[in-house]
Amino acid sequence: MIDFTKKAGFNLSTRHRAEQRFQWMGRSAIAISLLFLALMVGSIARDAGGVLRQAQIAIVVDLGAAQVDPADPANARYGAIVKSGLRDMFPDVSNRRDKKRLYNLVSPEGGFEVARKVAKKPDLLGGPQVLWLTASDDLDQYLRGKVDITLPENQRQVSDAEIAWIETLQSDGQLRRVINWGFLTNGDSREPEIAGILSAFVGSLYSLAVCFALAFPIGIGAAIYLEEFAPANRLSDLIEVNINNLAAVPSIVFGLLGLSIFLGVMGLPRSSPLVGGMVLALMTLPTIIIAARAALRSVPPSFKEAALAMGASPVQAVFHHVFPVAMPGMLTGAIVGMAQALGETAPLLMIGMVAFIVDIPESILEPATALPVQIFLWADSPERAFTEKTAAAIIVLLVFLIAMNLIAILLRRKLETRF
Amino acid sequence: MADPIITARDVNIFYDTTQALFNVDLDILPNKVTALIGPSGCGKSTFLRAINRMNDLIPSCRMEGSLTIGNQDIYARDVDVVALRAQVGMVFQKPNPFPKSIFENVAYGLKIHKLTTSKSELQDRVEWSLKNAGLWSEVADRLDQPGNSLSGGQQQRLCIARAIAVQPKVILMDEPCSALDPIATAVVEELIDNLRKDYTIVIVTHSMQQAARISQRTAFFHLGKLVEFGDTKTVFTTPNDERTQNYITGRIG
């Protein structure tokens, strides 16, 4: 008789302990990775929080006929008008250096801002107007308590005089912090308080569109041929090995290829999303082909066999029965490839998409930059405010990525056929 | 006796260097059910798949000898496989409806061969096929539902409906009931008996009782050779060969 209640002899307790140990190891592995993820997202979110709001100053600007010619408002010297408005607020500032500091309270782009407001609303002209203008990044940093006033004056960005002006403005209710829509609607700028993500976002969007338009049909076509029609010989083996190797080639190599072929030989416009998209397509192709082949292989062969036995031609069998079933998997693979392309920086640097782009590109032929490149550029800037912009840009990139993955999941759910 | 519809003469089939069939001579008579029996690996499925050239899908498979259907050489150079398979339908071991609606499953062959000219004609043919497959009363009100929502036995009858929709001359069945329970099997067997009036049926089966129940002719394969072939009654009651005797009584296989 075997006694199943007796544990000794079966080594049961040791095995139970091993089981427990493994479970705990697994749990702690997950906990550690979640911790790192939380740390990363947390630190980015903390830095990015500052971008949410932007300080503005209320300034009385003289838009009377003496300053702005009503017949030709576009050519007025708005920069000077803003400066004189500031001087009028603090009449006791007299020496040149202090004046310069005073002008620094408003973003150097303040003049353009007034010009834009006038262009949008011409009835502002004719007399003095109170306008809310974007404050400089130093003022914004001070308002948020990011300036350490215990440091000696010459070691900080904001001088004692500036602090005094800011306090006066604040007590007069001439400072406010508003939601910073400009970050999402402006292009890049040298001034962090003006710099926005839109030009880089549009550049990324164009590049990805070009990348998808090229890589998806070519990749799917190649995968279908290789998986369903190509004869199994040494040549197709060689091609398969090479595609797998291509997927592992560092992206900067594709950038070099784009530089020498697309720009050098074909003479396509430098820094354009067209070339960026083409390079990213080259890089994404192996990923798409490999994913699409896996999707095709996962279709039960019985569908194709049944179709062939019905008298369907091989092309009919593949396109009527294999392709639709594999489609969700192929799309998912393509979107994962696109997400990879979205985060790619190195090849874009090689083809000149690292330029300082203020204007939002209007076509795939215009110079543009991309989100990861923009992050790289901002991270390189010395102003503290750009650190926050960097973090905020990373969040935009992450949201873009999450949106793409969400689309992949939804598409798969919608198109999936059960069998 | 009627002229045979399918004639195999000296058929040898190889997978690479392994020979799967040796010098098979076989005549399949029209409007009869011919059962191919034998232990696993004896070559009966290989022979079945040679008839509609499904073996072409296996690159290493090579065939010698002559195989004709209605006096036409199946392996002649100018034979269009698509046309051949429209004449020779096939039902597989595992029910394999397309991941489409019941209607689309049956309509597929009609559509790719452009056998109907109007939508109403297509609907009529689908209805006719489902009726002949004994499935119409069960699915008439849910033709737009996926084919794989049916039960296993219904799926297999759907596959039979799909095969007969294009009105082939011959229907090949590769162990059509091996994935079905006894009740579904009985329904399919009755269906096969009905279909015999209009079609020639070649069926591979592992069940000796099934072969005895539904077939008029039985061929016993063993190790790639056709050992015995004749009327089912004769093969099962007074086999000539000792191996047949041993197999049908359960001593080998």
# chains A, B, ... in the order shown; residues from 1 in each chain; ligands from 1
$ interface_residues --of "chain B" --to "chain A" --cutoff "7 Å" --atoms "only C-alpha atoms" --output "list in words"
Val82, Ala83, Arg85, Ala86, Gly89, Met90, Asn96, Phe98, Pro99, Gly109, Ile112, Asn148 and Ala163 of chain B
$ select_by_dssp --residues "stretch 42-255 of chain A" --states "strand (DSSP E or B)" --output "PDB file with N, CA and C atoms, in the first residue's frame"
ATOM      1  N   ARG A  53       1.701  75.246 -18.003  1.00  0.00           N
ATOM      2  CA  ARG A  53       1.278  76.644 -17.939  1.00  0.00           C
ATOM      3  C   ARG A  53       2.432  77.550 -18.307  1.00  0.00           C
ATOM      4  N   GLN A  54       2.104  78.722 -18.832  1.00  0.00           N
ATOM      5  CA  GLN A  54       3.117  79.659 -19.267  1.00  0.00           C
ATOM      6  C   GLN A  54       2.740  81.040 -18.726  1.00  0.00           C
ATOM      7  N   ALA A  55       3.747  81.771 -18.170  1.00  0.00           N
ATOM      8  CA  ALA A  55       3.475  83.090 -17.601  1.00  0.00           C
ATOM      9  C   ALA A  55       3.250  84.118 -18.703  1.00  0.00           C
ATOM     10  N   GLN A  56       2.365  85.057 -18.424  1.00  0.00           N
ATOM     11  CA  GLN A  56       2.127  86.171 -19.338  1.00  0.00           C
ATOM     12  C   GLN A  56       2.158  87.479 -18.554  1.00  0.00           C
ATOM     13  N   ILE A  57       2.557  88.565 -19.232  1.00  0.00           N
ATOM     14  CA  ILE A  57       2.575  89.889 -18.612  1.00  0.00           C
ATOM     15  C   ILE A  57       1.570  90.769 -19.336  1.00  0.00           C
ATOM     16  N   ALA A  58       0.809  91.558 -18.549  1.00  0.00           N
ATOM     17  CA  ALA A  58      -0.080  92.532 -19.173  1.00  0.00           C
ATOM     18  C   ALA A  58       0.730  93.803 -19.422  1.00  0.00           C
ATOM     19  N   ILE A  59       0.812  94.239 -20.679  1.00  0.00           N
ATOM     20  CA  ILE A  59       1.579  95.428 -21.029  1.00  0.00           C
ATOM     21  C   ILE A  59       0.684  96.369 -21.826  1.00  0.00           C
ATOM     22  N   VAL A  60       0.786  97.665 -21.497  1.00  0.00           N
ATOM     23  CA  VAL A  60       0.040  98.651 -22.275  1.00  0.00           C
ATOM     24  C   VAL A  60       0.885  99.001 -23.491  1.00  0.00           C
ATOM     25  N   VAL A  61       0.408  98.644 -24.669  1.00  0.00           N
ATOM     26  CA  VAL A  61       1.165  98.961 -25.879  1.00  0.00           C
ATOM     27  C   VAL A  61       0.422 100.046 -26.645  1.00  0.00           C
ATOM     28  N   ASP A  62       1.207 100.990 -27.146  1.00  0.00           N
ATOM     29  CA  ASP A  62       0.629 102.120 -27.869  1.00  0.00           C
ATOM     30  C   ASP A  62       0.480 101.752 -29.339  1.00  0.00           C
ATOM     31  N   VAL A 106       9.927  90.230 -20.911  1.00  0.00           N
ATOM     32  CA  VAL A 106       9.034  89.729 -21.957  1.00  0.00           C
ATOM     33  C   VAL A 106       9.864  88.881 -22.914  1.00  0.00           C
ATOM     34  N   PRO A 128      -3.829 103.116 -27.247  1.00  0.00           N
ATOM     35  CA  PRO A 128      -3.156 102.190 -26.334  1.00  0.00           C
ATOM     36  C   PRO A 128      -4.076 101.011 -26.001  1.00  0.00           C
ATOM     37  N   GLN A 129      -3.475  99.820 -25.923  1.00  0.00           N
ATOM     38  CA  GLN A 129      -4.233  98.612 -25.600  1.00  0.00           C
ATOM     39  C   GLN A 129      -3.466  97.822 -24.544  1.00  0.00           C
ATOM     40  N   VAL A 130      -4.233  97.163 -23.656  1.00  0.00           N
ATOM     41  CA  VAL A 130      -3.583  96.256 -22.709  1.00  0.00           C
ATOM     42  C   VAL A 130      -3.544  94.869 -23.352  1.00  0.00           C
ATOM     43  N   LEU A 131      -2.338  94.346 -23.556  1.00  0.00           N
ATOM     44  CA  LEU A 131      -2.203  93.024 -24.168  1.00  0.00           C
ATOM     45  C   LEU A 131      -1.450  92.096 -23.225  1.00  0.00           C
ATOM     46  N   TRP A 132      -1.888  90.827 -23.170  1.00  0.00           N
ATOM     47  CA  TRP A 132      -1.158  89.824 -22.398  1.00  0.00           C
ATOM     48  C   TRP A 132      -0.107  89.202 -23.322  1.00  0.00           C
ATOM     49  N   LEU A 133       1.159  89.411 -22.977  1.00  0.00           N
ATOM     50  CA  LEU A 133       2.240  88.891 -23.812  1.00  0.00           C
ATOM     51  C   LEU A 133       3.012  87.814 -23.058  1.00  0.00           C
ATOM     52  N   THR A 134       3.546  86.864 -23.814  1.00  0.00           N
ATOM     53  CA  THR A 134       4.301  85.769 -23.210  1.00  0.00           C
ATOM     54  C   THR A 134       5.525  86.303 -22.480  1.00  0.00           C
ATOM     55  N   ALA A 135       5.659  85.898 -21.225  1.00  0.00           N
ATOM     56  CA  ALA A 135       6.809  86.341 -20.441  1.00  0.00           C
ATOM     57  C   ALA A 135       8.025  85.488 -20.787  1.00  0.00           C
ATOM     58  N   LEU A 175       0.565  89.878 -13.818  1.00  0.00           N
ATOM     59  CA  LEU A 175       1.158  88.595 -14.217  1.00  0.00           C
ATOM     60  C   LEU A 175       0.090  87.514 -14.091  1.00  0.00           C
ATOM     61  N   ARG A 176       0.122  86.585 -14.997  1.00  0.00           N
ATOM     62  CA  ARG A 176      -0.779  85.442 -14.862  1.00  0.00           C
ATOM     63  C   ARG A 176      -0.128  84.237 -15.544  1.00  0.00           C
ATOM     64  N   ARG A 177      -0.598  83.055 -15.162  1.00  0.00           N
ATOM     65  CA  ARG A 177      -0.083  81.846 -15.825  1.00  0.00           C
ATOM     66  C   ARG A 177      -1.268  81.152 -16.482  1.00  0.00           C
ATOM     67  N   VAL A 178      -1.153  80.913 -17.788  1.00  0.00           N
ATOM     68  CA  VAL A 178      -2.270  80.329 -18.536  1.00  0.00           C
ATOM     69  C   VAL A 178      -1.831  79.003 -19.134  1.00  0.00           C
ATOM     70  N   ILE A 179      -2.835  78.198 -19.504  1.00  0.00           N
ATOM     71  CA  ILE A 179      -2.546  76.912 -20.167  1.00  0.00           C
ATOM     72  C   ILE A 179      -1.702  77.185 -21.404  1.00  0.00           C
TER      73      ILE A 179
END
$ residues_around --residues "B:Asn12" --least-positions-apart "5" --cutoff "12 Å" --atoms "only C-alpha atoms" --output "ChimeraX atom specification"
/B:17-25,43,46-47,50,61-67,224-226
$ atom_distance --atom1 "atom CA of B:Ile5" --atom2 "atom CA of B:Ile28"
5.9 Å
$ select_by_dssp --residues "stretch 80-277 of chain A" --states "alpha helix (DSSP H)" --output "number ranges by chain"
A: 80-89, 96-103, 110-120, 137-143, 160-171, 182-185, 198-224, 234-246, 251-257, 273-277
$ write_last_selection --atoms "C-alpha atoms" --output "short mmCIF file (atom, residue, chain, number, x, y, z; two decimals), in the first residue's frame"
data_model
loop_
_atom_site.label_atom_id
_atom_site.label_comp_id
_atom_site.auth_asym_id
_atom_site.auth_seq_id
_atom_site.Cartn_x
_atom_site.Cartn_y
_atom_site.Cartn_z
CA ALA A 80 10.12 98.89 -29.95
CA ILE A 81 6.48 99.47 -29.02
CA VAL A 82 6.62 96.63 -26.48
CA LYS A 83 9.87 97.99 -25.06
CA SER A 84 8.45 101.49 -24.65
CA GLY A 85 5.39 99.94 -22.98
CA LEU A 86 7.72 98.28 -20.46
CA ARG A 87 9.63 101.55 -19.91
CA ASP A 88 6.34 103.35 -19.20
CA MET A 89 5.52 100.77 -16.51
CA ARG A 96 21.15 100.96 -20.38
CA ARG A 97 21.95 97.74 -18.56
CA ASP A 98 18.86 97.93 -16.41
CA LYS A 99 16.72 98.71 -19.46
CA LYS A 100 18.03 95.63 -21.14
CA ARG A 101 17.15 93.56 -18.09
CA LEU A 102 13.71 95.12 -18.04
CA TYR A 103 13.13 94.17 -21.70
CA GLY A 110 6.91 89.77 -27.88
CA GLY A 111 6.98 92.12 -30.88
CA PHE A 112 5.90 89.33 -33.25
CA GLU A 113 3.18 88.36 -30.82
CA VAL A 114 1.73 91.87 -30.93
CA ALA A 115 2.00 91.85 -34.73
CA ARG A 116 0.06 88.56 -34.87
CA LYS A 117 -2.62 89.86 -32.54
CA VAL A 118 -3.00 93.00 -34.67
CA ALA A 119 -3.19 90.98 -37.87
CA LYS A 120 -5.91 88.82 -36.36
CA ASP A 137 11.43 81.79 -19.49
CA ASP A 138 13.44 83.32 -16.61
CA LEU A 139 10.35 85.08 -15.28
CA ASP A 140 8.37 81.87 -15.61
CA GLN A 141 11.03 79.90 -13.76
CA TYR A 142 11.06 82.50 -10.97
CA LEU A 143 7.28 82.46 -10.61
CA ASP A 160 17.66 91.45 -7.69
CA ALA A 161 16.28 94.26 -9.84
CA GLU A 162 14.30 91.82 -11.95
CA ILE A 163 12.93 90.17 -8.83
CA ALA A 164 11.75 93.53 -7.58
CA TRP A 165 9.97 94.23 -10.90
CA ILE A 166 8.38 90.83 -10.93
CA GLU A 167 7.09 91.30 -7.36
CA THR A 168 5.64 94.69 -8.32
CA LEU A 169 3.95 93.26 -11.42
CA GLN A 170 2.56 90.42 -9.40
CA SER A 171 1.10 92.64 -6.71
CA GLY A 182 1.56 77.29 -27.67
CA PHE A 183 3.57 74.18 -26.86
CA LEU A 184 1.25 72.15 -29.07
CA THR A 185 0.63 74.77 -31.76
CA LEU A 198 4.04 71.06 -33.75
CA SER A 199 6.68 71.32 -36.48
CA ALA A 200 8.43 68.18 -35.21
CA PHE A 201 5.09 66.38 -34.78
CA VAL A 202 4.03 67.17 -38.33
CA GLY A 203 7.47 66.17 -39.58
CA SER A 204 7.14 62.81 -37.81
CA LEU A 205 3.63 62.36 -39.17
CA TYR A 206 4.76 63.00 -42.76
CA SER A 207 7.78 60.73 -42.40
CA LEU A 208 5.66 57.93 -41.00
CA ALA A 209 3.07 58.34 -43.74
CA VAL A 210 5.79 58.03 -46.39
CA CYS A 211 7.32 55.12 -44.49
CA PHE A 212 3.99 53.27 -44.26
CA ALA A 213 3.04 53.95 -47.88
CA LEU A 214 6.34 52.44 -49.01
CA ALA A 215 7.10 49.73 -46.48
CA PHE A 216 3.63 48.20 -46.04
CA PRO A 217 2.83 47.22 -49.64
CA ILE A 218 6.41 46.23 -50.45
CA GLY A 219 6.81 44.29 -47.21
CA ILE A 220 3.47 42.48 -47.50
CA GLY A 221 4.10 41.68 -51.15
CA ALA A 222 7.54 40.28 -50.40
CA ALA A 223 6.21 38.25 -47.48
CA ILE A 224 3.34 36.75 -49.47
CA ARG A 234 18.97 27.85 -51.82
CA LEU A 235 18.19 31.28 -53.22
CA SER A 236 15.10 31.71 -51.04
CA ASP A 237 17.05 30.39 -48.06
CA LEU A 238 19.71 33.01 -48.76
CA ILE A 239 17.08 35.74 -49.03
CA GLU A 240 15.49 34.65 -45.76
CA VAL A 241 18.83 34.74 -43.91
CA ASN A 242 19.59 38.16 -45.32
CA ILE A 243 16.21 39.60 -44.33
CA ASN A 244 16.75 38.38 -40.79
CA ASN A 245 20.21 39.95 -40.80
CA LEU A 246 18.89 43.24 -42.16
CA SER A 251 19.72 52.10 -37.99
CA ILE A 252 22.50 54.61 -38.59
CA VAL A 253 23.72 52.41 -41.43
CA PHE A 254 20.40 52.93 -43.17
CA GLY A 255 20.88 56.65 -42.59
CA LEU A 256 24.26 56.51 -44.34
CA LEU A 257 22.66 54.63 -47.21
CA PRO A 273 10.15 63.93 -44.62
CA LEU A 274 10.18 62.21 -48.02
CA VAL A 275 13.78 61.10 -47.61
CA GLY A 276 13.27 60.50 -43.88
CA GLY A 277 10.29 58.28 -44.63
#
$ atom_distance --atom1 "atom CA of A:Gly343" --atom2 "atom CA of A:Val373"
9.0 Å
$ residues_around --residues "A:Leu63" --least-positions-apart "3" --cutoff "6 Å" --atoms "only C-alpha atoms" --output "ChimeraX atom specification"
/A:68,125-128
$ atom_distance --atom1 "atom CA of B:Val170" --atom2 "atom CA of B:Ser149"
28.0 Å
$ residues_around --residues "B:Phe221" --least-positions-apart "6" --cutoff "7 Å" --atoms "only C-alpha atoms" --output "ChimeraX atom specification"
/B:37-38,42-44,227
$ write_last_selection --atoms "N, CA and C atoms" --output "mmCIF file, in the first residue's frame"
data_model
loop_
_atom_site.group_PDB
_atom_site.id
_atom_site.type_symbol
_atom_site.label_atom_id
_atom_site.label_comp_id
_atom_site.auth_asym_id
_atom_site.auth_seq_id
_atom_site.Cartn_x
_atom_site.Cartn_y
_atom_site.Cartn_z
ATOM 1 N N ILE B 37 -9.009 0.809 -48.003
ATOM 2 C CA ILE B 37 -8.693 0.500 -46.611
ATOM 3 C C ILE B 37 -7.266 -0.016 -46.505
ATOM 4 N N GLY B 38 -6.794 -0.064 -45.290
ATOM 5 C CA GLY B 38 -5.437 -0.549 -45.060
ATOM 6 C C GLY B 38 -4.840 0.146 -43.858
ATOM 7 N N CYS B 42 -0.041 2.900 -45.561
ATOM 8 C CA CYS B 42 -0.064 1.912 -46.625
ATOM 9 C C CYS B 42 -0.164 2.547 -48.001
ATOM 10 N N GLY B 43 -0.397 3.887 -48.058
ATOM 11 C CA GLY B 43 -0.424 4.567 -49.340
ATOM 12 C C GLY B 43 -1.814 4.862 -49.860
ATOM 13 N N LYS B 44 -2.858 4.555 -49.077
ATOM 14 C CA LYS B 44 -4.209 4.763 -49.600
ATOM 15 C C LYS B 44 -4.520 6.252 -49.766
ATOM 16 N N VAL B 227 -3.239 -4.953 -52.450
ATOM 17 C CA VAL B 227 -3.238 -6.385 -52.182
ATOM 18 C C VAL B 227 -4.479 -7.049 -52.748
#
$ residues_around --residues "B:Met208" --least-positions-apart "5" --cutoff "9 Å" --atoms "only C-alpha atoms" --output "number ranges by chain"
B: 37, 213, 236, 248
$ closest_residue --among "B:Leu36, B:Tyr75, B:Ser120, B:Lys111" --to "B:Asn55" --atoms "only C-alpha atoms"
B:Tyr75
$ residues_around --residues "A:Ala326" --least-positions-apart "3" --cutoff "8 Å" --atoms "only C-alpha atoms" --output "PDB file with N, CA and C atoms, in the first residue's frame"
ATOM      1  N   ALA A 292       4.952  39.683 -41.120  1.00  0.00           N
ATOM      2  CA  ALA A 292       3.924  39.254 -42.073  1.00  0.00           C
ATOM      3  C   ALA A 292       4.084  37.768 -42.397  1.00  0.00           C
ATOM      4  N   ALA A 295       2.675  35.836 -39.612  1.00  0.00           N
ATOM      5  CA  ALA A 295       1.209  35.877 -39.650  1.00  0.00           C
ATOM      6  C   ALA A 295       0.678  34.915 -40.709  1.00  0.00           C
ATOM      7  N   LEU A 296       1.341  34.876 -41.872  1.00  0.00           N
ATOM      8  CA  LEU A 296       0.885  33.988 -42.946  1.00  0.00           C
ATOM      9  C   LEU A 296       1.055  32.527 -42.548  1.00  0.00           C
ATOM     10  N   SER A 298       0.894  31.324 -39.645  1.00  0.00           N
ATOM     11  CA  SER A 298      -0.018  30.902 -38.579  1.00  0.00           C
ATOM     12  C   SER A 298      -1.424  30.600 -39.119  1.00  0.00           C
ATOM     13  N   VAL A 299      -1.669  30.876 -40.393  1.00  0.00           N
ATOM     14  CA  VAL A 299      -2.977  30.537 -40.957  1.00  0.00           C
ATOM     15  C   VAL A 299      -3.026  29.024 -41.169  1.00  0.00           C
ATOM     16  N   VAL A 322      -6.073  32.926 -47.356  1.00  0.00           N
ATOM     17  CA  VAL A 322      -4.937  33.062 -46.440  1.00  0.00           C
ATOM     18  C   VAL A 322      -4.751  34.524 -46.051  1.00  0.00           C
ATOM     19  N   PHE A 323      -4.754  35.392 -47.062  1.00  0.00           N
ATOM     20  CA  PHE A 323      -4.491  36.813 -46.835  1.00  0.00           C
ATOM     21  C   PHE A 323      -5.458  37.454 -45.834  1.00  0.00           C
ATOM     22  N   GLY A 329      -2.683  40.155 -38.252  1.00  0.00           N
ATOM     23  CA  GLY A 329      -1.315  39.930 -37.784  1.00  0.00           C
ATOM     24  C   GLY A 329      -0.315  40.765 -38.568  1.00  0.00           C
ATOM     25  N   MET A 330      -0.541  40.869 -39.886  1.00  0.00           N
ATOM     26  CA  MET A 330       0.385  41.648 -40.702  1.00  0.00           C
ATOM     27  C   MET A 330       0.305  43.126 -40.338  1.00  0.00           C
TER      28      MET A 330
END
